[in-house]
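Undergrad: Below you'll find the structure I mean.
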Protein chains: 2
Amino acid sequence: MQPSGKAPEPTLSRLSLYLRCLRQLAKDGAKTISSAQLGSHCGVVSAQIRKDLSYFGEFGKPGTGYEVQQLLSRLTEIMQLDQEHRVAIIGAGNLGAALAGYAGFSDSPFRIVGIFDNNFNKIGRMLWDVEILDVHRLTEVNQHMRAGIGIIAVPAEAAQEVADRLVDAGVRAILNFAPSRIEVPPGVAVRHVDLTREIEVLCYHMGRVAEEQEALSDADE
Amino acid sequence: MQPSGKAPEPTLSRLSLYLRCLRQLAKDGAKTISSAQLGSHCGVVSAQIRKDLSYFGEFGKPGTGYEVQQLLSRLTEIMQLDQEHRVAIIGAGNLGAALAGYAGFSDSPFRIVGIFDNNFNKIGRMLWDVEILDVHRLTEVNQHMRAGIGIIAVPAEAAQEVADRLVDAGVRAILNFAPSRIEVPPGVAVRHVDLTREIEVLCYHMGRVAEEQEALSDADE
DNA sequence: ACTTGTGAAGCATTTCACAGCC
DNA sequence: GGCTGTGAAATGCTTCACAAGT
């Protein structure tokens, strides 16, 4: 199979995981790796890895495995990480500021090119080495700023309006940290990161574990 | 069906979503709501909502729908959100600080009771209204602090060590913001929030959209 | 008339298992 | 012998569609 139909969403997320692993392996000087070895590094079973890769082509040699460098660069291309991605962050609050300074972005193709807010006390101040600009000027400023990715780090009530502005400014992918659904036209990719939902699910699991332990101790009396 | 087997993971995440919606509806004074109405509020089809709820019991009246207040309190119980959850944050960097001040935690059952770091320049300082403590004292301090949830906001290299400390300190749920897998004993729940993976998947989708548009314009020449 | 709860159907994703290659 | 790539099987999740309840 070659360019193929389309890969499932979970596969895409795992490709990113494989990339992280491969970058480390390359740094450590590994030459080749089997799907089983890669799997034990990143917690995925080998058949899953082979299936994931098979959506995009054939990358390995039977008997040997994969060449680390080669797989690394092929996956980097597939994920479009061989080019710079300019990112605008909307919302210069706690979260926006933390994201702007996120260490994971150094030595990555992501470059924070703009930070926007609607608070007059923040506009004009510097955050890291970027000036906070008025969100109302987003479309105008992005003509030369050319951010293709927008990160929403504003309160829920403002999220849809900010999303509309981002789309209007030409952004084609949005990462939404606001706890609220946003609607965007087709052709714009969106992903959500919802802290409250994550932590609430954890609470549920804690409760389940507690129940099981009660059931267990009930059983042996 | 009543207490039932176990609900799929995506169902649990959606329950949290329904809760957020129901809290708003209750504030707005809504008395009853149908699965179709709730669905259009939160972007989920009605059959999905009914199926999700069916894992936990019967909550509605045919012909009428659900009583907002009643469904709200039943789901709150199911998700264990009718009790306080004490949270410790490990890592007082940008992200840890932002999470400690996260506005979504006010008016919620989550209470940040401790912030830990290993950096002597930070230990002893105040963050919001909590003192930053030495992460080496985690187990000791948590004897009276009694945090049941830990949030990891440290660099990848330190994540596993921090996870071990959290488990040792009696934490039973971990939200991991570090870009690294962590192993925990059974009975401890873990969820990951991986900024880099999210944004890398977005890049892939941006590329796909670009390809499709090329294919489209190639077609009509 | 309208809506729930739920088996059954449909679809998506993961895992198995093995032919073919190094 | 060891490993990949992949159909086929298994599992998991979502959607359909309708009997039963109000």
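Identifiers in this document derive from the order of the structure tokens: chains are assigned A, B, ..., residues are numbered from 1 separately in each chain, and ligands are numbered from 1 in order of occurrence.
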Fewer than 3 positions away in the same chain doesn't count, so skip those; otherwise give me all residues within 10 Å of region 15-22 of chain D, counting only C-alpha atoms (C1' of nucleotides), as a PDB file with N, CA and C atoms (P, O5', C5', C4', C3', O3' and C1' of nucleotides), in the first residue's frame.

TA:
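Full text of part_7.pdb as output:
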```
ATOM      1  N   VAL B  45     -24.960  13.719  19.329  1.00  0.00           N
ATOM      2  CA  VAL B  45     -26.287  13.303  18.854  1.00  0.00           C
ATOM      3  C   VAL B  45     -27.077  12.657  19.997  1.00  0.00           C
ATOM      4  N   SER B  46     -28.378  12.757  19.893  1.00  0.00           N
ATOM      5  CA  SER B  46     -29.237  12.380  21.017  1.00  0.00           C
ATOM      6  C   SER B  46     -29.090  10.908  21.397  1.00  0.00           C
ATOM      7  N   ALA B  47     -28.950  10.048  20.389  1.00  0.00           N
ATOM      8  CA  ALA B  47     -28.837   8.617  20.699  1.00  0.00           C
ATOM      9  C   ALA B  47     -27.581   8.357  21.528  1.00  0.00           C
ATOM     10  N   GLN B  48     -26.530   9.102  21.225  1.00  0.00           N
ATOM     11  CA  GLN B  48     -25.288   8.942  21.977  1.00  0.00           C
ATOM     12  C   GLN B  48     -25.505   9.306  23.442  1.00  0.00           C
ATOM     13  N   LYS B  61     -37.906  10.668  31.594  1.00  0.00           N
ATOM     14  CA  LYS B  61     -39.305  10.247  31.482  1.00  0.00           C
ATOM     15  C   LYS B  61     -39.674  10.317  30.014  1.00  0.00           C
ATOM     16  N   PRO B  62     -40.113   9.200  29.429  1.00  0.00           N
ATOM     17  CA  PRO B  62     -40.543   9.228  28.034  1.00  0.00           C
ATOM     18  C   PRO B  62     -41.583  10.320  27.820  1.00  0.00           C
ATOM     19  N   GLY B  63     -41.477  11.013  26.713  1.00  0.00           N
ATOM     20  CA  GLY B  63     -42.418  12.076  26.401  1.00  0.00           C
ATOM     21  C   GLY B  63     -42.015  13.422  26.955  1.00  0.00           C
ATOM     22  N   THR B  64     -41.218  13.424  28.025  1.00  0.00           N
ATOM     23  CA  THR B  64     -40.854  14.679  28.692  1.00  0.00           C
ATOM     24  C   THR B  64     -39.375  14.995  28.553  1.00  0.00           C
TER      25      THR B  64
ATOM     26  P    DC C   2     -44.994  16.279  17.889  1.00  0.00           P
ATOM     27  O5'  DC C   2     -44.129  15.769  19.142  1.00  0.00           O
ATOM     28  C5'  DC C   2     -44.413  16.274  20.448  1.00  0.00           C
ATOM     29  C4'  DC C   2     -43.641  15.422  21.443  1.00  0.00           C
ATOM     30  C3'  DC C   2     -42.196  15.159  21.024  1.00  0.00           C
ATOM     31  O3'  DC C   2     -41.362  15.660  22.042  1.00  0.00           O
ATOM     32  C1'  DC C   2     -43.232  13.178  21.799  1.00  0.00           C
ATOM     33  P    DT C   3     -39.806  15.667  21.888  1.00  0.00           P
ATOM     34  O5'  DT C   3     -39.440  14.440  22.814  1.00  0.00           O
ATOM     35  C5'  DT C   3     -39.659  14.528  24.210  1.00  0.00           C
ATOM     36  C4'  DT C   3     -39.276  13.191  24.802  1.00  0.00           C
ATOM     37  C3'  DT C   3     -37.876  12.760  24.416  1.00  0.00           C
ATOM     38  O3'  DT C   3     -37.093  12.575  25.571  1.00  0.00           O
ATOM     39  C1'  DT C   3     -39.411  11.006  24.122  1.00  0.00           C
ATOM     40  P    DT C   4     -35.599  12.109  25.499  1.00  0.00           P
ATOM     41  O5'  DT C   4     -35.686  10.724  26.272  1.00  0.00           O
ATOM     42  C5'  DT C   4     -36.235  10.690  27.575  1.00  0.00           C
ATOM     43  C4'  DT C   4     -36.564   9.251  27.933  1.00  0.00           C
ATOM     44  C3'  DT C   4     -35.327   8.370  28.069  1.00  0.00           C
ATOM     45  O3'  DT C   4     -35.355   7.714  29.330  1.00  0.00           O
ATOM     46  C1'  DT C   4     -36.870   7.434  26.503  1.00  0.00           C
ATOM     47  P    DG C   5     -34.012   7.062  29.916  1.00  0.00           P
ATOM     48  O5'  DG C   5     -34.059   5.609  29.256  1.00  0.00           O
ATOM     49  C5'  DG C   5     -35.016   4.685  29.718  1.00  0.00           C
ATOM     50  C4'  DG C   5     -34.841   3.380  28.959  1.00  0.00           C
ATOM     51  C3'  DG C   5     -33.429   2.794  28.998  1.00  0.00           C
ATOM     52  O3'  DG C   5     -33.594   1.383  29.149  1.00  0.00           O
ATOM     53  C1'  DG C   5     -34.083   3.113  26.753  1.00  0.00           C
ATOM     54  P    DT C   6     -32.408   0.417  29.273  1.00  0.00           P
ATOM     55  O5'  DT C   6     -32.374  -0.252  27.827  1.00  0.00           O
ATOM     56  C5'  DT C   6     -33.423  -1.104  27.397  1.00  0.00           C
ATOM     57  C4'  DT C   6     -33.099  -1.566  25.999  1.00  0.00           C
ATOM     58  C3'  DT C   6     -31.673  -2.095  25.835  1.00  0.00           C
ATOM     59  O3'  DT C   6     -31.721  -3.270  25.044  1.00  0.00           O
ATOM     60  C1'  DT C   6     -32.094  -0.490  24.209  1.00  0.00           C
ATOM     61  P    DG C   7     -31.268  -4.616  25.543  1.00  0.00           P
ATOM     62  O5'  DG C   7     -32.312  -5.616  24.858  1.00  0.00           O
ATOM     63  C5'  DG C   7     -31.881  -6.636  24.045  1.00  0.00           C
ATOM     64  C4'  DG C   7     -32.100  -6.245  22.572  1.00  0.00           C
ATOM     65  C3'  DG C   7     -31.054  -6.907  21.682  1.00  0.00           C
ATOM     66  O3'  DG C   7     -31.769  -7.705  20.731  1.00  0.00           O
ATOM     67  C1'  DG C   7     -31.240  -4.559  21.183  1.00  0.00           C
ATOM     68  P    DA C   8     -30.990  -8.670  19.813  1.00  0.00           P
ATOM     69  O5'  DA C   8     -30.771  -7.803  18.494  1.00  0.00           O
ATOM     70  C5'  DA C   8     -31.843  -7.000  17.964  1.00  0.00           C
ATOM     71  C4'  DA C   8     -31.286  -6.256  16.771  1.00  0.00           C
ATOM     72  C3'  DA C   8     -30.173  -7.019  16.048  1.00  0.00           C
ATOM     73  O3'  DA C   8     -30.359  -6.822  14.653  1.00  0.00           O
ATOM     74  C1'  DA C   8     -29.351  -4.928  16.750  1.00  0.00           C
ATOM     75  P    DA C   9     -29.265  -7.402  13.621  1.00  0.00           P
ATOM     76  O5'  DA C   9     -28.697  -6.070  12.945  1.00  0.00           O
ATOM     77  C5'  DA C   9     -29.620  -5.022  12.594  1.00  0.00           C
ATOM     78  C4'  DA C   9     -28.836  -3.850  12.069  1.00  0.00           C
ATOM     79  C3'  DA C   9     -27.753  -4.228  11.057  1.00  0.00           C
ATOM     80  O3'  DA C   9     -27.819  -3.295   9.994  1.00  0.00           O
ATOM     81  C1'  DA C   9     -26.782  -3.084  12.910  1.00  0.00           C
ATOM     82  P    DG C  10     -26.729  -3.293   8.851  1.00  0.00           P
ATOM     83  O5'  DG C  10     -25.706  -2.190   9.380  1.00  0.00           O
ATOM     84  C5'  DG C  10     -26.186  -0.870   9.643  1.00  0.00           C
ATOM     85  C4'  DG C  10     -25.002  -0.008   9.995  1.00  0.00           C
ATOM     86  C3'  DG C  10     -23.815  -0.177   9.036  1.00  0.00           C
ATOM     87  O3'  DG C  10     -23.421   1.133   8.655  1.00  0.00           O
ATOM     88  C1'  DG C  10     -23.117  -0.490  11.284  1.00  0.00           C
ATOM     89  P    DC C  11     -22.233   1.371   7.612  1.00  0.00           P
ATOM     90  O5'  DC C  11     -21.041   1.780   8.578  1.00  0.00           O
ATOM     91  C5'  DC C  11     -21.221   2.908   9.460  1.00  0.00           C
ATOM     92  C4'  DC C  11     -20.032   2.985  10.374  1.00  0.00           C
ATOM     93  C3'  DC C  11     -18.676   2.946   9.661  1.00  0.00           C
ATOM     94  O3'  DC C  11     -17.973   4.097  10.070  1.00  0.00           O
ATOM     95  C1'  DC C  11     -18.718   1.447  11.485  1.00  0.00           C
TER      96       DC C  11
END
```

Undergrad: Which chain B residues have any atom within 6 Å of an atom of chain A, and for each, what is the nearest pair of atoms with distance in Å to one decimal, counting only C-alpha atoms, rows sorted by chain and number, as a tab-separated table?

TA:
```
residue	atom	partner	partner_atom	distance
B:Ser16	CA	A:Arg197	CA	5.5
B:Met79	CA	A:Tyr204	CA	4.6
B:Gln80	CA	A:Tyr204	CA	5.8
B:Asn94	CA	A:Ala98	CA	4.7
B:Leu95	CA	A:Ala98	CA	5.2
B:Ala98	CA	A:Asn94	CA	4.7
B:Gly187	CA	A:Val209	CA	5.9
B:Arg197	CA	A:Ser16	CA	5.5
B:Cys203	CA	A:Gln80	CA	5.9
B:Tyr204	CA	A:Met79	CA	4.6
B:Val209	CA	A:Gly187	CA	6.0
```

Undergrad: Please, which residues of chain A lie no more than 9 Å from chain D when the count uses only C-alpha atoms (C1' of nucleotides), and can they be set out as an MDAnalysis selection string?

TA: chainID A and resid 1 34:35 50:51 54 58:65

Undergrad: Identify all chain C residues at most 10 Å from chain A by counting only C-alpha atoms (C1' of nucleotides); ligands do not count. Present them as a PDB file with N, CA, C and O atoms (P, O5', C5', C4', C3', O3' and C1' of nucleotides), in the first residue's frame.

TA:
```
ATOM      1  P    DA C  12     -16.511   4.392   9.545  1.00  0.00           P
ATOM      2  O5'  DA C  12     -15.636   4.097  10.848  1.00  0.00           O
ATOM      3  C5'  DA C  12     -16.091   4.550  12.119  1.00  0.00           C
ATOM      4  C4'  DA C  12     -15.018   4.233  13.149  1.00  0.00           C
ATOM      5  C3'  DA C  12     -13.588   4.365  12.635  1.00  0.00           C
ATOM      6  O3'  DA C  12     -12.854   5.022  13.656  1.00  0.00           O
ATOM      7  C1'  DA C  12     -13.979   2.159  13.429  1.00  0.00           C
ATOM      8  P    DT C  13     -11.317   5.285  13.532  1.00  0.00           P
ATOM      9  O5'  DT C  13     -10.698   4.070  14.353  1.00  0.00           O
ATOM     10  C5'  DT C  13     -10.980   3.954  15.739  1.00  0.00           C
ATOM     11  C4'  DT C  13     -10.327   2.711  16.267  1.00  0.00           C
ATOM     12  C3'  DT C  13      -8.831   2.614  15.988  1.00  0.00           C
ATOM     13  O3'  DT C  13      -8.194   2.618  17.259  1.00  0.00           O
ATOM     14  C1'  DT C  13      -9.964   0.554  15.552  1.00  0.00           C
ATOM     15  P    DT C  14      -6.644   2.292  17.411  1.00  0.00           P
ATOM     16  O5'  DT C  14      -6.685   0.724  17.724  1.00  0.00           O
ATOM     17  C5'  DT C  14      -7.433   0.273  18.836  1.00  0.00           C
ATOM     18  C4'  DT C  14      -7.311  -1.238  18.944  1.00  0.00           C
ATOM     19  C3'  DT C  14      -5.871  -1.734  19.067  1.00  0.00           C
ATOM     20  O3'  DT C  14      -5.858  -2.552  20.233  1.00  0.00           O
ATOM     21  C1'  DT C  14      -7.027  -2.914  17.364  1.00  0.00           C
ATOM     22  P    DT C  15      -4.481  -3.260  20.689  1.00  0.00           P
ATOM     23  O5'  DT C  15      -4.595  -4.718  20.058  1.00  0.00           O
ATOM     24  C5'  DT C  15      -5.659  -5.578  20.465  1.00  0.00           C
ATOM     25  C4'  DT C  15      -5.586  -6.844  19.658  1.00  0.00           C
ATOM     26  C3'  DT C  15      -4.208  -7.509  19.683  1.00  0.00           C
ATOM     27  O3'  DT C  15      -4.414  -8.826  20.210  1.00  0.00           O
ATOM     28  C1'  DT C  15      -5.062  -7.376  17.467  1.00  0.00           C
ATOM     29  P    DC C  16      -3.215  -9.901  20.202  1.00  0.00           P
ATOM     30  O5'  DC C  16      -3.562 -10.772  18.913  1.00  0.00           O
ATOM     31  C5'  DC C  16      -4.919 -11.085  18.659  1.00  0.00           C
ATOM     32  C4'  DC C  16      -5.031 -12.040  17.487  1.00  0.00           C
ATOM     33  C3'  DC C  16      -3.929 -13.073  17.387  1.00  0.00           C
ATOM     34  O3'  DC C  16      -4.554 -14.274  16.979  1.00  0.00           O
ATOM     35  C1'  DC C  16      -3.990 -11.794  15.402  1.00  0.00           C
ATOM     36  P    DG C  20       3.300 -16.373   0.029  1.00  0.00           P
ATOM     37  O5'  DG C  20       4.382 -15.263   0.423  1.00  0.00           O
ATOM     38  C5'  DG C  20       4.019 -13.886   0.339  1.00  0.00           C
ATOM     39  C4'  DG C  20       5.248 -13.048   0.631  1.00  0.00           C
ATOM     40  C3'  DG C  20       6.497 -13.466  -0.143  1.00  0.00           C
ATOM     41  O3'  DG C  20       7.154 -12.269  -0.536  1.00  0.00           O
ATOM     42  C1'  DG C  20       6.965 -13.482   2.145  1.00  0.00           C
ATOM     43  P    DC C  21       8.357 -12.282  -1.534  1.00  0.00           P
ATOM     44  O5'  DC C  21       9.532 -11.621  -0.696  1.00  0.00           O
ATOM     45  C5'  DC C  21       9.316 -10.356  -0.058  1.00  0.00           C
ATOM     46  C4'  DC C  21      10.403 -10.142   0.975  1.00  0.00           C
ATOM     47  C3'  DC C  21      11.826 -10.384   0.457  1.00  0.00           C
ATOM     48  O3'  DC C  21      12.558  -9.191   0.646  1.00  0.00           O
ATOM     49  C1'  DC C  21      11.483 -11.432   2.553  1.00  0.00           C
ATOM     50  P    DC C  22      14.011  -8.956   0.130  1.00  0.00           P
ATOM     51  O5'  DC C  22      14.836  -9.091   1.489  1.00  0.00           O
ATOM     52  C5'  DC C  22      14.655  -8.127   2.529  1.00  0.00           C
ATOM     53  C4'  DC C  22      15.540  -8.493   3.705  1.00  0.00           C
ATOM     54  C3'  DC C  22      17.012  -8.699   3.332  1.00  0.00           C
ATOM     55  O3'  DC C  22      17.801  -7.964   4.235  1.00  0.00           O
ATOM     56  C1'  DC C  22      16.190 -10.564   4.538  1.00  0.00           C
TER      57       DC C  22
END
```

Undergrad: State, in Å with one decimal place, the distance from CA of Arg111 (chain A) to CA of Ala147 (chain A).

TA: 9.1 Å

Undergrad: Which distance in Å separates CA of Phe56 (chain A) and CA of Arg86 (chain A), to one decimal?

TA: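 We find that CA of Phe56 (chain A) and CA of Arg86 (chain A) lie 25.8 Å from each other.
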